[in-house]
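S.K.: File input-v4.txt below, compact mmCIF, N, CA and C atoms:
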```txt
# COMPACT_ATOMS: atom_id res chain seq x y z
N MET M 1 95.92 28.02 90.04
CA MET M 1 96.70 26.84 89.87
C MET M 1 95.74 25.66 89.74
N THR M 2 95.98 24.82 88.75
CA THR M 2 95.13 23.65 88.56
C THR M 2 95.97 22.40 88.64
N GLU M 3 95.35 21.33 89.06
CA GLU M 3 96.06 20.07 89.16
C GLU M 3 95.67 19.20 87.98
N HIS M 4 96.61 18.43 87.51
CA HIS M 4 96.38 17.61 86.32
C HIS M 4 97.08 16.27 86.51
N PHE M 5 96.38 15.19 86.17
CA PHE M 5 96.97 13.86 86.21
C PHE M 5 97.24 13.42 84.79
N SER M 6 98.42 12.98 84.53
CA SER M 6 98.79 12.47 83.22
C SER M 6 98.35 11.01 83.13
N PRO M 7 97.71 10.62 82.04
CA PRO M 7 97.23 9.24 81.94
C PRO M 7 98.36 8.21 81.86
N LYS M 8 99.54 8.61 81.45
CA LYS M 8 100.64 7.67 81.27
C LYS M 8 101.41 7.42 82.56
N SER M 9 101.36 8.35 83.50
CA SER M 9 102.13 8.17 84.73
C SER M 9 101.30 8.59 85.93
N PRO M 10 101.53 7.96 87.05
CA PRO M 10 100.77 8.29 88.26
C PRO M 10 101.31 9.55 88.96
N VAL M 11 102.21 10.27 88.34
CA VAL M 11 102.79 11.45 88.96
C VAL M 11 101.82 12.62 88.85
N LYS M 12 101.64 13.31 89.94
CA LYS M 12 100.74 14.44 89.99
C LYS M 12 101.47 15.70 89.50
N LEU M 13 100.95 16.33 88.48
CA LEU M 13 101.57 17.52 87.92
C LEU M 13 100.74 18.74 88.28
N LYS M 14 101.40 19.87 88.46
CA LYS M 14 100.69 21.11 88.75
C LYS M 14 101.01 22.12 87.66
N LEU M 15 99.98 22.73 87.14
CA LEU M 15 100.16 23.80 86.17
C LEU M 15 100.14 25.12 86.91
N VAL M 16 101.11 25.95 86.62
CA VAL M 16 101.22 27.24 87.31
C VAL M 16 101.05 28.33 86.27
N HIS M 17 100.16 29.27 86.57
CA HIS M 17 99.96 30.40 85.68
C HIS M 17 100.89 31.52 86.08
N SER M 18 101.24 32.36 85.14
CA SER M 18 102.18 33.45 85.42
C SER M 18 101.63 34.43 86.45
N SER M 19 100.33 34.49 86.63
CA SER M 19 99.76 35.39 87.61
C SER M 19 99.82 34.83 89.03
N ASP M 20 100.04 33.50 89.14
CA ASP M 20 100.14 32.88 90.46
C ASP M 20 101.52 33.17 91.06
N THR M 21 101.55 33.31 92.36
CA THR M 21 102.83 33.49 93.02
C THR M 21 103.39 32.12 93.34
N VAL M 22 104.63 31.92 92.99
CA VAL M 22 105.28 30.65 93.21
C VAL M 22 106.27 30.83 94.35
N GLN M 23 106.17 29.96 95.35
CA GLN M 23 107.12 30.01 96.44
C GLN M 23 108.35 29.23 96.03
N SER M 24 109.42 29.95 95.86
CA SER M 24 110.65 29.27 95.47
C SER M 24 111.46 28.96 96.72
N SER M 25 112.11 27.85 96.68
CA SER M 25 112.96 27.49 97.81
C SER M 25 114.21 28.35 97.76
N LYS M 26 114.80 28.55 98.92
CA LYS M 26 116.01 29.35 98.99
C LYS M 26 117.11 28.66 98.21
N PRO M 27 117.92 29.43 97.50
CA PRO M 27 119.02 28.78 96.78
C PRO M 27 120.01 28.19 97.79
N LYS M 28 120.51 27.03 97.44
CA LYS M 28 121.47 26.37 98.33
C LYS M 28 122.77 27.17 98.33
N PRO M 29 123.35 27.36 99.50
CA PRO M 29 124.61 28.11 99.54
C PRO M 29 125.72 27.32 98.85
N ILE M 30 126.60 28.04 98.22
CA ILE M 30 127.73 27.41 97.56
C ILE M 30 128.65 26.86 98.65
N PRO M 31 129.00 25.60 98.58
CA PRO M 31 129.86 25.05 99.63
C PRO M 31 131.21 25.75 99.64
N GLU M 32 131.62 26.15 100.81
CA GLU M 32 132.91 26.79 100.94
C GLU M 32 134.00 25.74 100.86
N THR M 33 135.15 26.15 100.38
CA THR M 33 136.28 25.25 100.34
C THR M 33 137.23 25.61 101.46
N VAL M 34 137.87 24.62 101.96
CA VAL M 34 138.89 24.83 102.99
C VAL M 34 140.19 25.13 102.28
N ALA M 35 140.90 26.15 102.75
CA ALA M 35 142.16 26.55 102.12
C ALA M 35 143.17 26.93 103.21
N PHE M 36 144.43 26.92 102.83
CA PHE M 36 145.47 27.41 103.71
C PHE M 36 145.50 28.93 103.61
N ASP M 37 145.61 29.63 104.74
CA ASP M 37 145.72 31.08 104.68
C ASP M 37 147.18 31.45 104.38
N ARG M 38 147.44 32.73 104.24
CA ARG M 38 148.76 33.21 103.84
C ARG M 38 149.84 32.80 104.84
N LYS M 39 149.56 32.90 106.12
CA LYS M 39 150.53 32.55 107.16
C LYS M 39 150.85 31.06 107.13
N GLU M 40 149.81 30.24 106.98
CA GLU M 40 150.01 28.79 106.92
C GLU M 40 150.83 28.41 105.69
N LEU M 41 150.48 29.00 104.55
CA LEU M 41 151.21 28.70 103.32
C LEU M 41 152.66 29.13 103.42
N SER M 42 152.91 30.27 104.06
CA SER M 42 154.27 30.75 104.24
C SER M 42 155.08 29.77 105.08
N THR M 43 154.48 29.26 106.13
CA THR M 43 155.16 28.29 107.00
C THR M 43 155.46 27.00 106.24
N ILE M 44 154.48 26.51 105.48
CA ILE M 44 154.67 25.28 104.72
C ILE M 44 155.73 25.47 103.63
N LEU M 45 155.66 26.59 102.91
CA LEU M 45 156.62 26.83 101.83
C LEU M 45 158.03 27.07 102.35
N ASN M 46 158.14 27.56 103.57
CA ASN M 46 159.45 27.72 104.20
C ASN M 46 160.12 26.36 104.37
N VAL M 47 159.38 25.40 104.90
CA VAL M 47 159.89 24.03 105.06
C VAL M 47 160.15 23.41 103.70
N TYR M 48 159.21 23.58 102.79
CA TYR M 48 159.35 23.01 101.44
C TYR M 48 160.60 23.55 100.74
N GLY M 49 160.81 24.86 100.84
CA GLY M 49 161.96 25.48 100.18
C GLY M 49 163.29 24.95 100.70
N ARG M 50 163.37 24.72 102.01
CA ARG M 50 164.61 24.18 102.57
C ARG M 50 164.88 22.77 102.06
N GLN M 51 163.85 21.97 101.96
CA GLN M 51 164.02 20.59 101.48
C GLN M 51 164.33 20.55 99.98
N VAL M 52 163.79 21.50 99.22
CA VAL M 52 164.12 21.58 97.79
C VAL M 52 165.59 21.96 97.64
N ALA M 53 166.05 22.91 98.47
CA ALA M 53 167.46 23.33 98.41
C ALA M 53 168.40 22.17 98.74
N LYS M 54 167.96 21.25 99.60
CA LYS M 54 168.76 20.06 99.92
C LYS M 54 168.67 19.00 98.84
N GLY M 55 167.75 19.16 97.90
CA GLY M 55 167.56 18.18 96.84
C GLY M 55 166.64 17.03 97.21
N GLU M 56 165.95 17.14 98.33
CA GLU M 56 165.08 16.06 98.80
C GLU M 56 163.73 16.05 98.07
N TRP M 57 163.14 17.20 97.87
CA TRP M 57 161.82 17.30 97.27
C TRP M 57 161.90 18.06 95.96
N LYS M 58 160.98 17.73 95.05
CA LYS M 58 161.02 18.33 93.71
C LYS M 58 159.75 19.07 93.32
N ASP M 59 158.61 18.67 93.83
CA ASP M 59 157.35 19.24 93.35
C ASP M 59 156.31 19.21 94.47
N TYR M 60 155.25 20.01 94.29
CA TYR M 60 154.16 20.01 95.25
C TYR M 60 152.84 20.26 94.55
N ALA M 61 151.75 19.97 95.25
CA ALA M 61 150.41 20.23 94.74
C ALA M 61 149.55 20.68 95.92
N ILE M 62 148.62 21.58 95.64
CA ILE M 62 147.69 22.05 96.66
C ILE M 62 146.28 21.71 96.21
N ASP M 63 145.55 21.01 97.06
CA ASP M 63 144.16 20.67 96.80
C ASP M 63 143.29 21.33 97.85
N MET M 64 142.24 22.01 97.40
CA MET M 64 141.28 22.64 98.31
C MET M 64 139.92 22.00 98.08
N MET M 65 139.42 21.34 99.12
CA MET M 65 138.15 20.64 99.01
C MET M 65 137.15 21.21 100.01
N LYS M 66 135.94 20.68 100.00
CA LYS M 66 134.92 21.17 100.93
C LYS M 66 135.29 20.89 102.38
N ASP M 67 135.89 19.76 102.63
CA ASP M 67 136.14 19.36 104.01
C ASP M 67 137.58 19.56 104.47
N ARG M 68 138.53 19.71 103.55
CA ARG M 68 139.93 19.85 103.95
C ARG M 68 140.77 20.43 102.84
N ALA M 69 141.96 20.90 103.23
CA ALA M 69 142.96 21.37 102.28
C ALA M 69 144.18 20.48 102.42
N VAL M 70 144.82 20.17 101.30
CA VAL M 70 145.96 19.25 101.31
C VAL M 70 147.11 19.85 100.52
N PHE M 71 148.30 19.88 101.13
CA PHE M 71 149.54 20.26 100.46
C PHE M 71 150.33 18.97 100.30
N SER M 72 150.45 18.49 99.06
CA SER M 72 151.15 17.22 98.79
C SER M 72 152.56 17.51 98.33
N ILE M 73 153.51 16.71 98.81
CA ILE M 73 154.92 16.90 98.51
C ILE M 73 155.42 15.67 97.75
N PHE M 74 156.15 15.91 96.65
CA PHE M 74 156.62 14.84 95.78
C PHE M 74 158.14 14.87 95.65
N LYS M 75 158.73 13.70 95.51
CA LYS M 75 160.16 13.63 95.16
C LYS M 75 160.31 13.82 93.65
N ARG M 76 159.39 13.27 92.89
CA ARG M 76 159.32 13.47 91.44
C ARG M 76 157.87 13.78 91.10
N ALA M 77 157.66 14.47 90.01
CA ALA M 77 156.30 14.89 89.65
C ALA M 77 155.41 13.73 89.26
N SER M 78 155.98 12.60 88.86
CA SER M 78 155.17 11.51 88.33
C SER M 78 154.83 10.43 89.36
N GLU M 79 155.13 10.64 90.61
CA GLU M 79 154.86 9.59 91.59
C GLU M 79 153.85 10.02 92.64
N MET M 80 153.58 9.12 93.56
CA MET M 80 152.68 9.43 94.67
C MET M 80 153.37 10.39 95.63
N PRO M 81 152.59 11.17 96.38
CA PRO M 81 153.22 12.11 97.31
C PRO M 81 153.98 11.37 98.42
N VAL M 82 155.12 11.96 98.79
CA VAL M 82 155.91 11.41 99.88
C VAL M 82 155.26 11.79 101.21
N PHE M 83 154.79 13.04 101.30
CA PHE M 83 154.10 13.53 102.48
C PHE M 83 152.90 14.35 102.04
N ARG M 84 151.90 14.38 102.92
CA ARG M 84 150.75 15.26 102.73
C ARG M 84 150.56 16.06 104.02
N ILE M 85 150.43 17.36 103.88
CA ILE M 85 150.12 18.22 105.01
C ILE M 85 148.64 18.56 104.86
N GLU M 86 147.83 18.16 105.83
CA GLU M 86 146.39 18.32 105.71
C GLU M 86 145.85 19.26 106.77
N LYS M 87 144.87 20.05 106.36
CA LYS M 87 144.14 20.94 107.27
C LYS M 87 142.68 20.51 107.22
N ASP M 88 142.18 20.04 108.35
CA ASP M 88 140.80 19.54 108.43
C ASP M 88 140.11 20.26 109.59
N PRO M 89 139.36 21.35 109.31
CA PRO M 89 138.73 22.13 110.38
C PRO M 89 137.76 21.36 111.27
N LYS M 90 137.22 20.24 110.79
CA LYS M 90 136.31 19.44 111.63
C LYS M 90 137.02 18.91 112.87
N LEU M 91 138.32 18.74 112.78
CA LEU M 91 139.09 18.17 113.89
C LEU M 91 139.69 19.24 114.79
N ARG M 92 139.31 20.50 114.59
CA ARG M 92 139.89 21.62 115.33
C ARG M 92 139.79 21.43 116.84
N LYS M 93 138.63 21.01 117.33
CA LYS M 93 138.42 20.89 118.77
C LYS M 93 138.78 19.51 119.30
N LYS M 94 139.12 18.60 118.44
CA LYS M 94 139.47 17.24 118.88
C LYS M 94 140.99 17.11 118.97
N GLN M 95 141.60 16.47 117.98
CA GLN M 95 143.04 16.24 118.04
C GLN M 95 143.86 17.29 117.30
N GLY M 96 143.21 18.31 116.77
CA GLY M 96 143.91 19.37 116.04
C GLY M 96 143.64 19.25 114.56
N MET M 97 143.55 20.40 113.89
CA MET M 97 143.15 20.36 112.49
C MET M 97 144.31 20.14 111.51
N TYR M 98 145.55 20.12 112.00
CA TYR M 98 146.69 19.90 111.12
C TYR M 98 147.25 18.50 111.34
N ARG M 99 147.69 17.90 110.23
CA ARG M 99 148.37 16.62 110.34
C ARG M 99 149.30 16.41 109.16
N VAL M 100 150.35 15.64 109.40
CA VAL M 100 151.29 15.24 108.36
C VAL M 100 151.09 13.75 108.16
N VAL M 101 150.86 13.37 106.91
CA VAL M 101 150.59 11.97 106.56
C VAL M 101 151.72 11.48 105.67
N GLY M 102 152.24 10.29 105.96
CA GLY M 102 153.31 9.69 105.17
C GLY M 102 152.81 9.06 103.89
N HIS M 103 153.75 8.52 103.10
CA HIS M 103 153.39 7.96 101.79
C HIS M 103 152.49 6.74 101.88
N ALA M 104 152.54 6.01 102.97
CA ALA M 104 151.70 4.81 103.11
C ALA M 104 150.37 5.12 103.80
N GLY M 105 150.12 6.40 104.10
CA GLY M 105 148.86 6.77 104.73
C GLY M 105 148.92 6.87 106.24
N GLN M 106 150.08 6.61 106.82
CA GLN M 106 150.20 6.69 108.27
C GLN M 106 150.30 8.15 108.71
N VAL M 107 149.63 8.49 109.80
CA VAL M 107 149.69 9.84 110.35
C VAL M 107 150.97 9.95 111.16
N LEU M 108 151.86 10.84 110.71
CA LEU M 108 153.15 11.00 111.39
C LEU M 108 153.04 11.94 112.58
N LYS M 109 152.22 12.96 112.45
CA LYS M 109 152.06 13.94 113.53
C LYS M 109 150.77 14.70 113.28
N ARG M 110 150.08 15.04 114.37
CA ARG M 110 148.89 15.87 114.27
C ARG M 110 148.88 16.83 115.44
N GLY M 111 148.18 17.95 115.27
CA GLY M 111 148.14 18.91 116.36
C GLY M 111 147.35 20.16 116.02
N HIS M 112 147.34 21.09 116.98
CA HIS M 112 146.59 22.33 116.84
C HIS M 112 147.41 23.45 116.20
N GLU M 113 148.73 23.36 116.25
CA GLU M 113 149.59 24.42 115.70
C GLU M 113 150.42 23.86 114.55
N LEU M 114 150.35 24.54 113.42
CA LEU M 114 151.00 24.05 112.20
C LEU M 114 152.51 23.92 112.36
N HIS M 115 153.15 24.93 112.94
CA HIS M 115 154.62 24.87 113.03
C HIS M 115 155.09 23.72 113.91
N GLN M 116 154.29 23.32 114.91
CA GLN M 116 154.64 22.17 115.73
C GLN M 116 154.49 20.87 114.94
N VAL M 117 153.45 20.79 114.14
CA VAL M 117 153.20 19.58 113.35
C VAL M 117 154.27 19.40 112.28
N LEU M 118 154.73 20.51 111.69
CA LEU M 118 155.71 20.42 110.61
C LEU M 118 157.11 20.06 111.11
N ARG M 119 157.32 20.08 112.41
CA ARG M 119 158.64 19.71 112.94
C ARG M 119 159.00 18.27 112.62
N VAL M 120 158.02 17.44 112.35
CA VAL M 120 158.30 16.05 111.96
C VAL M 120 159.02 16.02 110.61
N LEU M 121 158.84 17.04 109.78
CA LEU M 121 159.49 17.11 108.48
C LEU M 121 160.81 17.86 108.53
N ASP M 122 160.89 18.87 109.39
CA ASP M 122 162.08 19.72 109.46
C ASP M 122 162.15 20.29 110.88
N GLY M 123 163.13 19.90 111.64
CA GLY M 123 163.25 20.33 113.02
C GLY M 123 163.66 21.77 113.21
N ASP M 124 164.05 22.46 112.12
CA ASP M 124 164.54 23.84 112.23
C ASP M 124 163.46 24.88 111.99
N ILE M 125 162.20 24.53 112.17
CA ILE M 125 161.11 25.46 111.90
C ILE M 125 161.06 26.54 112.96
N VAL M 126 160.92 27.77 112.50
CA VAL M 126 160.71 28.89 113.40
C VAL M 126 159.27 29.35 113.20
N ALA M 127 158.53 29.49 114.28
CA ALA M 127 157.13 29.89 114.18
C ALA M 127 157.02 31.32 113.68
N LEU M 128 156.18 31.53 112.68
CA LEU M 128 155.90 32.88 112.19
C LEU M 128 154.76 33.46 113.00
N ARG M 129 154.98 34.56 113.64
CA ARG M 129 153.95 35.16 114.48
C ARG M 129 153.38 36.38 113.81
```
Rewrite the coordinates I just gave you, this time as structure tokens.

M.R.:
Amino acid sequence: MTEHFSPKSPVKLKLVHSSDTVQSSKPKPIPETVAFDRKELSTILNVYGRQVAKGEWKDYAIDMMKDRAVFSIFKRASEMPVFRIEKDPKLRKKQGMYRVVGHAGQVLKRGHELHQVLRVLDGDIVALR
């Protein structure tokens, strides 16, 4: 391996020959996304289905990000969500990783168990075990 200085820039360049061993850095792990599992989705869709049957809600969206998962509920497809059900694992040991957020951004309920948190939206929730 030889070192070379370019006359145009003060940056130090290194030439590497194919016979030299190059220490490569470990590849960065792909960031995992937070998602709702099957049981959580079943509980959320149970509440959602009842409200759709009543004519209250019309559409939903699911977003899975690095730090949280969000189930957004809409009255119409073209407007802002009426409610957001969020799962944030960073808050698991603090105030609970589940929360329901209203249309203005206010936290309506938060907790450690999803079925308890969803009671703010529908009081007839039965916990799926």

S.K.: Could you check which of M:Lys75, M:Gly105, M:His115, M:Thr33 is closest to Gly55 of chain M, using only N, CA and C atoms?

M.R.: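 Comparing M:Lys75, M:Gly105, M:His115, M:Thr33 against Gly55 of chain M, the winner is M:Lys75.
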
S.K.: Go ahead and find all residues with at least one atom no further than 7 Å from (140.1, 23.8, 109.7) in the file's coordinates, using all atoms listed in the file; report them as a ChimeraX atom specification.

M.R.: /M:34,68,87-92,97-98

S.K.: Could you check how far atom CA of Arg99 of chain M sits from atom C of Leu114 of chain M, in Å to one decimal?

M.R.: 8.6 Å

S.K.: Interatomic distance between atom CA of Arg76 of chain M and atom CA of His112 of chain M?

M.R.: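 If I compute the distance from atom CA of Arg76 of chain M to atom CA of His112 of chain M, I get 29.8 Å.
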
S.K.: What's the separation between atom N of Val101 of chain M and atom C of Lys54 of chain M, in Å to one decimal place?

M.R.: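 Computing it gives 20.3 Å between the two atoms.
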
S.K.: Near Ile85 of chain M, counting all atoms listed in the file, which residues have an atom at most 5 Å away, once you skip same-chain residues fewer than 4 positions from it, shown as an MDAnalysis selection string?

M.R.: chainID M and resid 70:72 99:100

S.K.: Determine, counting only N, CA and C atoms, every residue of protein, DNA or RNA that lies within 6 Å of (153.5, 9.1, 102.9) in the file coordinates, then give the result as an mmCIF file with N, CA and C atoms, in the frame of the given file.

M.R.:
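Listing of result_22.cif after writing:
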```cif
data_model
loop_
_atom_site.group_PDB
_atom_site.id
_atom_site.type_symbol
_atom_site.label_atom_id
_atom_site.label_comp_id
_atom_site.auth_asym_id
_atom_site.auth_seq_id
_atom_site.Cartn_x
_atom_site.Cartn_y
_atom_site.Cartn_z
ATOM 1 N N PRO M 81 152.590 11.170 96.380
ATOM 2 C CA PRO M 81 153.220 12.110 97.310
ATOM 3 C C PRO M 81 153.980 11.370 98.420
ATOM 4 N N VAL M 82 155.120 11.960 98.790
ATOM 5 C CA VAL M 82 155.910 11.410 99.880
ATOM 6 C C VAL M 82 155.260 11.790 101.210
ATOM 7 N N PHE M 83 154.790 13.040 101.300
ATOM 8 C CA PHE M 83 154.100 13.530 102.480
ATOM 9 C C PHE M 83 152.900 14.350 102.040
ATOM 10 N N ARG M 84 151.900 14.380 102.920
ATOM 11 C CA ARG M 84 150.750 15.260 102.730
ATOM 12 C C ARG M 84 150.560 16.060 104.020
ATOM 13 N N VAL M 101 150.860 13.370 106.910
ATOM 14 C CA VAL M 101 150.590 11.970 106.560
ATOM 15 C C VAL M 101 151.720 11.480 105.670
ATOM 16 N N GLY M 102 152.240 10.290 105.960
ATOM 17 C CA GLY M 102 153.310 9.690 105.170
ATOM 18 C C GLY M 102 152.810 9.060 103.890
ATOM 19 N N HIS M 103 153.750 8.520 103.100
ATOM 20 C CA HIS M 103 153.390 7.960 101.790
ATOM 21 C C HIS M 103 152.490 6.740 101.880
ATOM 22 N N ALA M 104 152.540 6.010 102.970
ATOM 23 C CA ALA M 104 151.700 4.810 103.110
ATOM 24 C C ALA M 104 150.370 5.120 103.800
ATOM 25 N N GLY M 105 150.120 6.400 104.100
ATOM 26 C CA GLY M 105 148.860 6.770 104.730
ATOM 27 C C GLY M 105 148.920 6.870 106.240
ATOM 28 N N GLN M 106 150.080 6.610 106.820
ATOM 29 C CA GLN M 106 150.200 6.690 108.270
ATOM 30 C C GLN M 106 150.300 8.150 108.710
#
```

S.K.: M:Arg110, M:Leu121, M:Ala69, M:Asp63: which is nearest Arg50 of chain M, counting only C-alpha atoms?

M.R.: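 With only C-alpha atoms as the atom set, the closest residue is M:Leu121.
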
S.K.: Any chance you could build segment 56-68 of chain M out to N, CA, C and O atoms and write it as a PDB file, keeping the file's coordinate frame?

M.R.:
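Contents of part-v3.pdb, as written:
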```pdb
ATOM      1  N   GLU M  56     165.950  17.140  98.330  1.00  0.00           N
ATOM      2  CA  GLU M  56     165.080  16.060  98.800  1.00  0.00           C
ATOM      3  C   GLU M  56     163.730  16.050  98.070  1.00  0.00           C
ATOM      4  O   GLU M  56     163.214  14.978  97.766  1.00  0.00           O
ATOM      5  N   TRP M  57     163.140  17.200  97.870  1.00  0.00           N
ATOM      6  CA  TRP M  57     161.820  17.300  97.270  1.00  0.00           C
ATOM      7  C   TRP M  57     161.900  18.060  95.960  1.00  0.00           C
ATOM      8  O   TRP M  57     162.735  18.942  95.772  1.00  0.00           O
ATOM      9  N   LYS M  58     160.980  17.730  95.050  1.00  0.00           N
ATOM     10  CA  LYS M  58     161.020  18.330  93.710  1.00  0.00           C
ATOM     11  C   LYS M  58     159.750  19.070  93.320  1.00  0.00           C
ATOM     12  O   LYS M  58     159.792  19.996  92.532  1.00  0.00           O
ATOM     13  N   ASP M  59     158.610  18.670  93.830  1.00  0.00           N
ATOM     14  CA  ASP M  59     157.350  19.240  93.350  1.00  0.00           C
ATOM     15  C   ASP M  59     156.310  19.210  94.470  1.00  0.00           C
ATOM     16  O   ASP M  59     156.472  18.504  95.457  1.00  0.00           O
ATOM     17  N   TYR M  60     155.250  20.010  94.290  1.00  0.00           N
ATOM     18  CA  TYR M  60     154.160  20.010  95.250  1.00  0.00           C
ATOM     19  C   TYR M  60     152.840  20.260  94.550  1.00  0.00           C
ATOM     20  O   TYR M  60     152.811  20.688  93.401  1.00  0.00           O
ATOM     21  N   ALA M  61     151.750  19.970  95.250  1.00  0.00           N
ATOM     22  CA  ALA M  61     150.410  20.230  94.740  1.00  0.00           C
ATOM     23  C   ALA M  61     149.550  20.680  95.920  1.00  0.00           C
ATOM     24  O   ALA M  61     149.741  20.237  97.046  1.00  0.00           O
ATOM     25  N   ILE M  62     148.620  21.580  95.640  1.00  0.00           N
ATOM     26  CA  ILE M  62     147.690  22.050  96.660  1.00  0.00           C
ATOM     27  C   ILE M  62     146.280  21.710  96.210  1.00  0.00           C
ATOM     28  O   ILE M  62     145.878  22.053  95.101  1.00  0.00           O
ATOM     29  N   ASP M  63     145.550  21.010  97.060  1.00  0.00           N
ATOM     30  CA  ASP M  63     144.160  20.670  96.800  1.00  0.00           C
ATOM     31  C   ASP M  63     143.290  21.330  97.850  1.00  0.00           C
ATOM     32  O   ASP M  63     143.560  21.215  99.038  1.00  0.00           O
ATOM     33  N   MET M  64     142.240  22.010  97.400  1.00  0.00           N
ATOM     34  CA  MET M  64     141.280  22.640  98.310  1.00  0.00           C
ATOM     35  C   MET M  64     139.920  22.000  98.080  1.00  0.00           C
ATOM     36  O   MET M  64     139.368  22.098  96.991  1.00  0.00           O
ATOM     37  N   MET M  65     139.420  21.340  99.120  1.00  0.00           N
ATOM     38  CA  MET M  65     138.150  20.640  99.010  1.00  0.00           C
ATOM     39  C   MET M  65     137.150  21.210 100.010  1.00  0.00           C
ATOM     40  O   MET M  65     137.485  22.115 100.763  1.00  0.00           O
ATOM     41  N   LYS M  66     135.940  20.680 100.000  1.00  0.00           N
ATOM     42  CA  LYS M  66     134.920  21.170 100.930  1.00  0.00           C
ATOM     43  C   LYS M  66     135.290  20.890 102.380  1.00  0.00           C
ATOM     44  O   LYS M  66     135.034  21.701 103.248  1.00  0.00           O
ATOM     45  N   ASP M  67     135.890  19.760 102.630  1.00  0.00           N
ATOM     46  CA  ASP M  67     136.140  19.360 104.010  1.00  0.00           C
ATOM     47  C   ASP M  67     137.580  19.560 104.470  1.00  0.00           C
ATOM     48  O   ASP M  67     137.844  19.562 105.669  1.00  0.00           O
ATOM     49  N   ARG M  68     138.530  19.710 103.550  1.00  0.00           N
ATOM     50  CA  ARG M  68     139.930  19.850 103.950  1.00  0.00           C
ATOM     51  C   ARG M  68     140.770  20.430 102.840  1.00  0.00           C
ATOM     52  O   ARG M  68     140.366  20.444 101.679  1.00  0.00           O
TER      53      ARG M  68
END
```
